[in-house]
$ cat coords37.json   # JSON, C-alpha atoms
[["chain", "number", "residue", "atom", "x", "y", "z"],
["A", 1, "MET", "CA", 1.44, -11.41, -17.32],
["A", 2, "ILE", "CA", 3.22, -13.31, -14.54],
["A", 3, "ASN", "CA", 1.97, -13.72, -10.98],
["A", 4, "LEU", "CA", 4.58, -14.19, -8.27],
["A", 5, "ASP", "CA", 4.05, -15.14, -4.64],
["A", 6, "VAL", "CA", 6.37, -13.45, -2.15],
["A", 7, "PRO", "CA", 8.52, -14.60, -0.48],
["A", 8, "ILE", "CA", 10.12, -16.09, -3.60],
["A", 9, "ASN", "CA", 11.31, -19.62, -2.94],
["A", 10, "HIS", "CA", 11.96, -20.76, -6.49],
["A", 11, "ASN", "CA", 14.19, -19.85, -9.42],
["A", 12, "ILE", "CA", 13.01, -16.69, -11.20],
["A", 13, "SER", "CA", 15.66, -16.64, -13.96],
["A", 14, "ASN", "CA", 12.84, -17.12, -16.48],
["A", 15, "LEU", "CA", 11.74, -13.50, -15.88],
["A", 16, "LYS", "CA", 12.98, -11.27, -18.68],
["A", 17, "ALA", "CA", 13.32, -7.51, -19.01],
["A", 18, "GLY", "CA", 9.97, -6.24, -20.30],
["A", 19, "ASP", "CA", 7.79, -8.93, -18.67],
["A", 20, "VAL", "CA", 4.69, -7.74, -16.79],
["A", 21, "VAL", "CA", 4.52, -9.00, -13.20],
["A", 22, "TYR", "CA", 2.01, -8.89, -10.33],
["A", 23, "LEU", "CA", 3.04, -9.73, -6.76],
["A", 24, "SER", "CA", 1.03, -11.33, -3.96],
["A", 25, "GLY", "CA", 2.12, -12.08, -0.41],
["A", 26, "ASN", "CA", 4.16, -9.55, 1.54],
["A", 27, "ILE", "CA", 6.31, -6.63, 0.47],
["A", 28, "LEU", "CA", 8.54, -4.42, 2.62],
["A", 29, "THR", "CA", 8.89, -0.71, 1.98],
["A", 30, "ALA", "CA", 12.42, 0.62, 2.40],
["A", 31, "ARG", "CA", 14.15, 3.80, 1.38],
["A", 32, "ASP", "CA", 17.77, 4.89, 1.77],
["A", 33, "GLN", "CA", 17.80, 5.32, 5.56],
["A", 34, "ALA", "CA", 16.20, 1.89, 6.08],
["A", 35, "HIS", "CA", 18.69, 0.28, 3.68],
["A", 36, "LYS", "CA", 21.55, 1.90, 5.55],
["A", 37, "ARG", "CA", 20.22, 0.66, 8.89],
["A", 38, "ILE", "CA", 19.68, -2.86, 7.54],
["A", 39, "LEU", "CA", 23.39, -2.97, 6.72],
["A", 40, "GLU", "CA", 24.47, -1.43, 10.02],
["A", 41, "GLU", "CA", 22.13, -3.27, 12.43],
["A", 42, "GLY", "CA", 20.58, -6.13, 10.50],
["A", 43, "SER", "CA", 17.04, -6.38, 9.20],
["A", 44, "PRO", "CA", 14.03, -6.66, 11.50],
["A", 45, "TYR", "CA", 12.56, -9.05, 8.88],
["A", 46, "ASP", "CA", 13.80, -12.21, 7.21],
["A", 47, "LEU", "CA", 15.06, -11.05, 3.81],
["A", 48, "GLU", "CA", 15.36, -14.52, 2.28],
["A", 49, "GLY", "CA", 13.14, -14.40, -0.82],
["A", 50, "ALA", "CA", 11.83, -10.96, 0.15],
["A", 51, "ALA", "CA", 10.48, -8.16, -2.01],
["A", 52, "ILE", "CA", 11.52, -4.59, -1.15],
["A", 53, "PHE", "CA", 9.55, -1.61, -2.48],
["A", 54, "HIS", "CA", 11.31, 1.74, -2.76],
["A", 55, "ALA", "CA", 8.34, 3.77, -1.54],
["A", 56, "GLY", "CA", 7.38, 6.46, 0.92],
["A", 57, "PRO", "CA", 3.81, 5.57, 1.77],
["A", 58, "ILE", "CA", 1.22, 8.00, 3.07],
["A", 59, "ILE", "CA", -0.37, 6.37, 6.09],
["A", 60, "LYS", "CA", -2.85, 7.65, 8.64],
["A", 61, "ASN", "CA", -3.29, 6.38, 12.17],
["A", 62, "GLU", "CA", -6.98, 5.93, 12.99],
["A", 63, "GLY", "CA", -6.10, 4.62, 16.43],
["A", 64, "THR", "CA", -4.08, 6.08, 19.26],
["A", 65, "GLU", "CA", -0.36, 6.38, 19.81],
["A", 66, "GLU", "CA", -0.56, 3.52, 22.33],
["A", 67, "LYS", "CA", -2.76, 1.36, 20.08],
["A", 68, "PRO", "CA", -2.24, 2.43, 16.48],
["A", 69, "ASP", "CA", -4.60, 1.46, 13.66],
["A", 70, "TYR", "CA", -2.70, 2.31, 10.48],
["A", 71, "LYS", "CA", -4.52, 2.76, 7.16],
["A", 72, "MET", "CA", -2.79, 3.15, 3.82],
["A", 73, "VAL", "CA", -3.77, 6.34, 1.97],
["A", 74, "ALA", "CA", -1.40, 6.15, -0.99],
["A", 75, "ILE", "CA", 1.80, 4.39, -1.97],
["A", 76, "GLY", "CA", 3.89, 5.06, -5.03],
["A", 77, "PRO", "CA", 7.47, 4.34, -6.01],
["A", 78, "THR", "CA", 10.36, 6.60, -5.13],
["A", 79, "THR", "CA", 13.49, 7.02, -7.21],
["A", 80, "SER", "CA", 15.60, 3.91, -6.81],
["A", 81, "MET", "CA", 18.99, 5.40, -7.62],
["A", 82, "ARG", "CA", 19.09, 6.85, -4.08],
["A", 83, "MET", "CA", 19.51, 3.27, -2.83],
["A", 84, "ASN", "CA", 22.46, 2.46, -5.15],
["A", 85, "PRO", "CA", 25.07, 2.71, -2.35],
["A", 86, "TYR", "CA", 23.25, 0.05, -0.29],
["A", 87, "GLN", "CA", 21.13, -2.07, -2.62],
["A", 88, "SER", "CA", 23.73, -4.62, -3.75],
["A", 89, "ASP", "CA", 24.60, -5.55, -0.17],
["A", 90, "VAL", "CA", 20.91, -5.78, 0.78],
["A", 91, "ILE", "CA", 20.20, -8.03, -2.22],
["A", 92, "ASP", "CA", 23.10, -10.23, -1.05],
["A", 93, "LYS", "CA", 21.11, -10.82, 2.16],
["A", 94, "GLY", "CA", 18.51, -12.84, 0.20],
["A", 95, "VAL", "CA", 16.23, -10.24, -1.41],
["A", 96, "LYS", "CA", 14.78, -11.57, -4.69],
["A", 97, "VAL", "CA", 12.66, -8.63, -5.84],
["A", 98, "VAL", "CA", 13.33, -4.89, -5.74],
["A", 99, "VAL", "CA", 10.52, -2.56, -6.85],
["A", 100, "GLY", "CA", 11.03, 1.11, -7.63],
["A", 101, "LYS", "CA", 11.32, 3.62, -10.43],
["A", 102, "GLY", "CA", 14.08, 5.00, -12.59],
["A", 103, "GLY", "CA", 16.48, 2.05, -12.65],
["A", 104, "MET", "CA", 19.64, 1.32, -10.71],
["A", 105, "ASP", "CA", 23.37, 1.16, -11.42],
["A", 106, "GLU", "CA", 25.66, -1.59, -12.71],
["A", 107, "SER", "CA", 26.57, -2.77, -9.18],
["A", 108, "VAL", "CA", 22.90, -3.54, -8.55],
["A", 109, "LEU", "CA", 22.56, -5.33, -11.90],
["A", 110, "ASN", "CA", 25.57, -7.47, -10.93],
["A", 111, "ALA", "CA", 23.93, -8.26, -7.56],
["A", 112, "LEU", "CA", 20.72, -9.26, -9.37],
["A", 113, "ILE", "CA", 22.71, -11.64, -11.58],
["A", 114, "ARG", "CA", 24.67, -13.03, -8.61],
["A", 115, "ASN", "CA", 21.52, -13.64, -6.56],
["A", 116, "ASN", "CA", 19.01, -14.63, -9.26],
["A", 117, "ALA", "CA", 16.91, -11.56, -8.44],
["A", 118, "VAL", "CA", 15.02, -8.89, -10.40],
["A", 119, "TYR", "CA", 14.32, -5.15, -10.35],
["A", 120, "LEU", "CA", 10.70, -4.34, -11.13],
["A", 121, "VAL", "CA", 9.55, -0.93, -12.30],
["A", 122, "ALA", "CA", 6.46, 0.62, -10.71],
["A", 123, "THR", "CA", 4.89, 3.49, -12.58],
["A", 124, "GLY", "CA", 5.13, 6.87, -10.90],
["A", 125, "GLY", "CA", 1.79, 8.60, -10.45],
["A", 126, "CYS", "CA", -0.08, 5.35, -9.75],
["A", 127, "ALA", "CA", -0.13, 5.61, -5.95],
["A", 128, "ALA", "CA", -3.92, 5.31, -5.81],
["A", 129, "LEU", "CA", -3.85, 2.22, -8.06],
["A", 130, "TYR", "CA", -1.18, 0.47, -6.02],
["A", 131, "VAL", "CA", -2.94, 1.16, -2.72],
["A", 132, "ASP", "CA", -5.89, -0.94, -3.94],
["A", 133, "ALA", "CA", -3.64, -4.03, -3.96],
["A", 134, "ILE", "CA", -2.72, -3.61, -0.29],
["A", 135, "GLU", "CA", -4.91, -5.83, 1.85],
["A", 136, "LYS", "CA", -3.38, -4.98, 5.19],
["A", 137, "ILE", "CA", -0.53, -3.27, 6.98],
["A", 138, "GLU", "CA", 0.96, -6.19, 8.91],
["A", 139, "ASN", "CA", 3.31, -4.06, 11.02],
["A", 140, "VAL", "CA", 5.97, -1.37, 10.96],
["A", 141, "GLU", "CA", 9.56, -1.16, 12.16],
["A", 142, "TRP", "CA", 11.87, 1.81, 12.65],
["A", 143, "LEU", "CA", 9.22, 4.51, 12.89],
["A", 144, "ASP", "CA", 11.93, 6.64, 14.51],
["A", 145, "LEU", "CA", 13.19, 7.20, 10.94],
["A", 146, "GLY", "CA", 9.88, 8.88, 10.08],
["A", 147, "MET", "CA", 6.80, 7.48, 8.38],
["A", 148, "PRO", "CA", 8.18, 7.43, 4.80],
["A", 149, "GLU", "CA", 11.56, 5.99, 5.86],
["A", 150, "ALA", "CA", 10.19, 3.30, 8.19],
["A", 151, "ILE", "CA", 9.91, -0.30, 7.00],
["A", 152, "TRP", "CA", 6.25, -1.16, 6.44],
["A", 153, "ASN", "CA", 5.36, -4.84, 6.07],
["A", 154, "LEU", "CA", 2.40, -4.94, 3.70],
["A", 155, "LYS", "CA", 0.12, -7.85, 2.80],
["A", 156, "ILE", "CA", -0.52, -7.48, -0.93],
["A", 157, "ASN", "CA", -2.66, -9.16, -3.56],
["A", 158, "SER", "CA", -2.06, -8.69, -7.29],
["A", 159, "PHE", "CA", 0.23, -5.72, -6.70],
["A", 160, "GLY", "CA", 1.03, -4.24, -10.08],
["A", 161, "PRO", "CA", 1.33, -3.98, -12.96],
["A", 162, "LEU", "CA", 5.10, -3.98, -12.61],
["A", 163, "ILE", "CA", 7.61, -4.29, -15.46],
["A", 164, "VAL", "CA", 10.84, -6.28, -15.18],
["A", 165, "GLY", "CA", 13.37, -3.47, -15.69],
["A", 166, "MET", "CA", 16.49, -5.49, -14.85],
["A", 167, "ASP", "CA", 16.62, -9.28, -14.85],
["A", 168, "SER", "CA", 18.94, -11.91, -13.42],
["A", 169, "ASN", "CA", 20.41, -12.59, -16.85],
["A", 170, "GLY", "CA", 22.00, -9.14, -17.12],
["A", 171, "ASN", "CA", 19.34, -7.53, -19.28],
["A", 172, "SER", "CA", 18.29, -3.99, -18.45],
["A", 173, "LEU", "CA", 15.71, -1.68, -19.99],
["A", 174, "TYR", "CA", 17.98, 1.17, -18.86],
["A", 175, "LYS", "CA", 21.04, 0.20, -20.98]]
$ encode --input "coords37.json" --output "structure tokens"
Amino acid sequence: MINLDVPINHNISNLKAGDVVYLSGNILTARDQAHKRILEEGSPYDLEGAAIFHAGPIIKNEGTEEKPDYKMVAIGPTTSMRMNPYQSDVIDKGVKVVVGKGGMDESVLNALIRNNAVYLVATGGCAALYVDAIEKIENVEWLDLGMPEAIWNLKINSFGPLIVGMDSNGNSLYK
């Protein structure tokens, strides 16, 4: 078991496909529309060393529209292959960790190698487990895309277990 603090500011080439990882720090949720907008408009967050989670969280607002008080209900991975057209270019912007399910294509594996980054697999059906590792919703950007497509900045502690599905050495559990 390996614990990583995000943002990643060190070499993670020692991570190998099959390793079990837990993340602490901050993670950004992003699905295909957010990835597309990051490439078109730039990211509202610094992506250097960042972790992106392919997820569509279920969130309730216990506040008002003017003064929201967001609470996480559940968060599980969404299918990563939907992000294949955008992911390589987003990784090239400094992302070190991508979390999702189902694997990604060869272009993403090449971007992971090029950028010393990893793709971590989150288990589908564990949305209630993963929500327990979320300490706080720091903020949200691009709510105009809809709640699941917005970018949620989440403070996490021991988020996992996650499995290294694709590493920066070219190994992939999906080959």
$ closest_residue --input "coords37.json" --among "A:Ile113, A:Ile137, A:Ala150, A:Ala17" --to "Tyr174 in chain A" --atoms "all atoms listed in the file"
A:Ala17
$ residues_around --input "coords37.json" --residues "Asn169 in chain A" --least-positions-apart "6" --cutoff "10 Å" --atoms "only C-alpha atoms" --output "PyMOL selection string"
chain A and resi 13-17+109-110+112-114+116-118
$ residues_around --input "coords37.json" --residues "Val164 in chain A" --least-positions-apart "2" --cutoff "7 Å" --atoms "only C-alpha atoms" --output "PyMOL selection string"
chain A and resi 16-20+118-121+162+166-167
$ closest_residue --input "coords37.json" --among "A:Ile8, A:Val97, A:Leu173, A:Ile58" --to "Met147 in chain A" --atoms "all atoms listed in the file"
A:Ile58
$ atom_distance --input "coords37.json" --atom1 "CA of Gly25 in chain A" --atom2 "CA of Tyr70 in chain A"
18.7 Å
$ closest_residue --input "coords37.json" --among "A:Pro68, A:Pro85, A:Gly165, A:Gly146" --to "Gly100 in chain A" --atoms "all atoms listed in the file"
A:Gly165
$ build_atoms --input "coords37.json" --residues "range 90-124 of chain A" --atoms "N, CA and C atoms" --output "CSV table (one decimal), in the coordinates of the input"
chain,number,residue,atom,x,y,z
A,90,VAL,N,22.2,-5.3,0.3
A,90,VAL,CA,20.9,-5.8,0.8
A,90,VAL,C,20.4,-7.0,-0.1
A,91,ILE,N,20.6,-6.9,-1.4
A,91,ILE,CA,20.2,-8.0,-2.2
A,91,ILE,C,21.0,-9.3,-1.8
A,92,ASP,N,22.3,-9.1,-1.5
A,92,ASP,CA,23.1,-10.2,-1.0
A,92,ASP,C,22.6,-10.9,0.2
A,93,LYS,N,21.7,-10.2,0.9
A,93,LYS,CA,21.1,-10.8,2.2
A,93,LYS,C,19.9,-11.7,1.9
A,94,GLY,N,19.6,-11.9,0.6
A,94,GLY,CA,18.5,-12.8,0.2
A,94,GLY,C,17.4,-12.2,-0.5
A,95,VAL,N,17.3,-10.9,-0.7
A,95,VAL,CA,16.2,-10.2,-1.4
A,95,VAL,C,16.2,-10.7,-2.9
A,96,LYS,N,15.0,-11.1,-3.3
A,96,LYS,CA,14.8,-11.6,-4.7
A,96,LYS,C,14.1,-10.5,-5.6
A,97,VAL,N,13.4,-9.6,-5.0
A,97,VAL,CA,12.7,-8.6,-5.8
A,97,VAL,C,12.9,-7.2,-5.2
A,98,VAL,N,13.3,-6.3,-6.1
A,98,VAL,CA,13.3,-4.9,-5.7
A,98,VAL,C,12.4,-4.2,-6.7
A,99,VAL,N,11.5,-3.3,-6.1
A,99,VAL,CA,10.5,-2.6,-6.8
A,99,VAL,C,10.8,-1.1,-6.7
A,100,GLY,N,10.8,-0.3,-7.7
A,100,GLY,CA,11.0,1.1,-7.6
A,100,GLY,C,10.8,1.8,-9.0
A,101,LYS,N,11.4,3.0,-9.1
A,101,LYS,CA,11.3,3.6,-10.4
A,101,LYS,C,12.7,4.2,-10.8
A,102,GLY,N,12.9,4.3,-12.1
A,102,GLY,CA,14.1,5.0,-12.6
A,102,GLY,C,15.3,4.2,-12.8
A,103,GLY,N,15.3,2.9,-12.4
A,103,GLY,CA,16.5,2.0,-12.6
A,103,GLY,C,17.5,2.2,-11.6
A,104,MET,N,18.5,1.3,-11.7
A,104,MET,CA,19.6,1.3,-10.7
A,104,MET,C,20.9,1.1,-11.5
A,105,ASP,N,22.1,1.2,-10.8
A,105,ASP,CA,23.4,1.2,-11.4
A,105,ASP,C,23.9,-0.3,-11.7
A,106,GLU,N,25.0,-0.3,-12.3
A,106,GLU,CA,25.7,-1.6,-12.7
A,106,GLU,C,25.9,-2.5,-11.5
A,107,SER,N,26.3,-1.9,-10.4
A,107,SER,CA,26.6,-2.8,-9.2
A,107,SER,C,25.3,-3.5,-8.8
A,108,VAL,N,24.2,-2.9,-8.9
A,108,VAL,CA,22.9,-3.5,-8.6
A,108,VAL,C,22.6,-4.6,-9.6
A,109,LEU,N,22.8,-4.3,-10.9
A,109,LEU,CA,22.6,-5.3,-11.9
A,109,LEU,C,23.4,-6.6,-11.6
A,110,ASN,N,24.7,-6.3,-11.2
A,110,ASN,CA,25.6,-7.5,-10.9
A,110,ASN,C,25.1,-8.3,-9.7
A,111,ALA,N,24.5,-7.6,-8.7
A,111,ALA,CA,23.9,-8.3,-7.6
A,111,ALA,C,22.7,-9.1,-8.0
A,112,LEU,N,21.9,-8.5,-8.9
A,112,LEU,CA,20.7,-9.3,-9.4
A,112,LEU,C,21.2,-10.5,-10.1
A,113,ILE,N,22.2,-10.5,-10.9
A,113,ILE,CA,22.7,-11.6,-11.6
A,113,ILE,C,23.2,-12.6,-10.6
A,114,ARG,N,24.0,-12.2,-9.6
A,114,ARG,CA,24.7,-13.0,-8.6
A,114,ARG,C,23.6,-13.8,-7.7
A,115,ASN,N,22.5,-13.1,-7.5
A,115,ASN,CA,21.5,-13.6,-6.6
A,115,ASN,C,20.2,-14.1,-7.2
A,116,ASN,N,20.2,-14.2,-8.5
A,116,ASN,CA,19.0,-14.6,-9.3
A,116,ASN,C,17.8,-13.8,-8.8
A,117,ALA,N,17.9,-12.5,-8.9
A,117,ALA,CA,16.9,-11.6,-8.4
A,117,ALA,C,16.5,-10.6,-9.6
A,118,VAL,N,15.5,-9.8,-9.4
A,118,VAL,CA,15.0,-8.9,-10.4
A,118,VAL,C,14.7,-7.5,-9.8
A,119,TYR,N,14.8,-6.5,-10.7
A,119,TYR,CA,14.3,-5.2,-10.4
A,119,TYR,C,13.1,-4.9,-11.2
A,120,LEU,N,12.0,-4.6,-10.5
A,120,LEU,CA,10.7,-4.3,-11.1
A,120,LEU,C,10.4,-2.9,-11.1
A,121,VAL,N,9.9,-2.3,-12.2
A,121,VAL,CA,9.6,-0.9,-12.3
A,121,VAL,C,8.1,-0.7,-12.0
A,122,ALA,N,7.8,0.2,-11.0
A,122,ALA,CA,6.5,0.6,-10.7
A,122,ALA,C,6.3,2.0,-11.3
A,123,THR,N,5.1,2.2,-11.9
A,123,THR,CA,4.9,3.5,-12.6
A,123,THR,C,4.6,4.6,-11.6
A,124,GLY,N,5.4,5.7,-11.7
A,124,GLY,CA,5.1,6.9,-10.9
A,124,GLY,C,3.8,7.5,-11.2
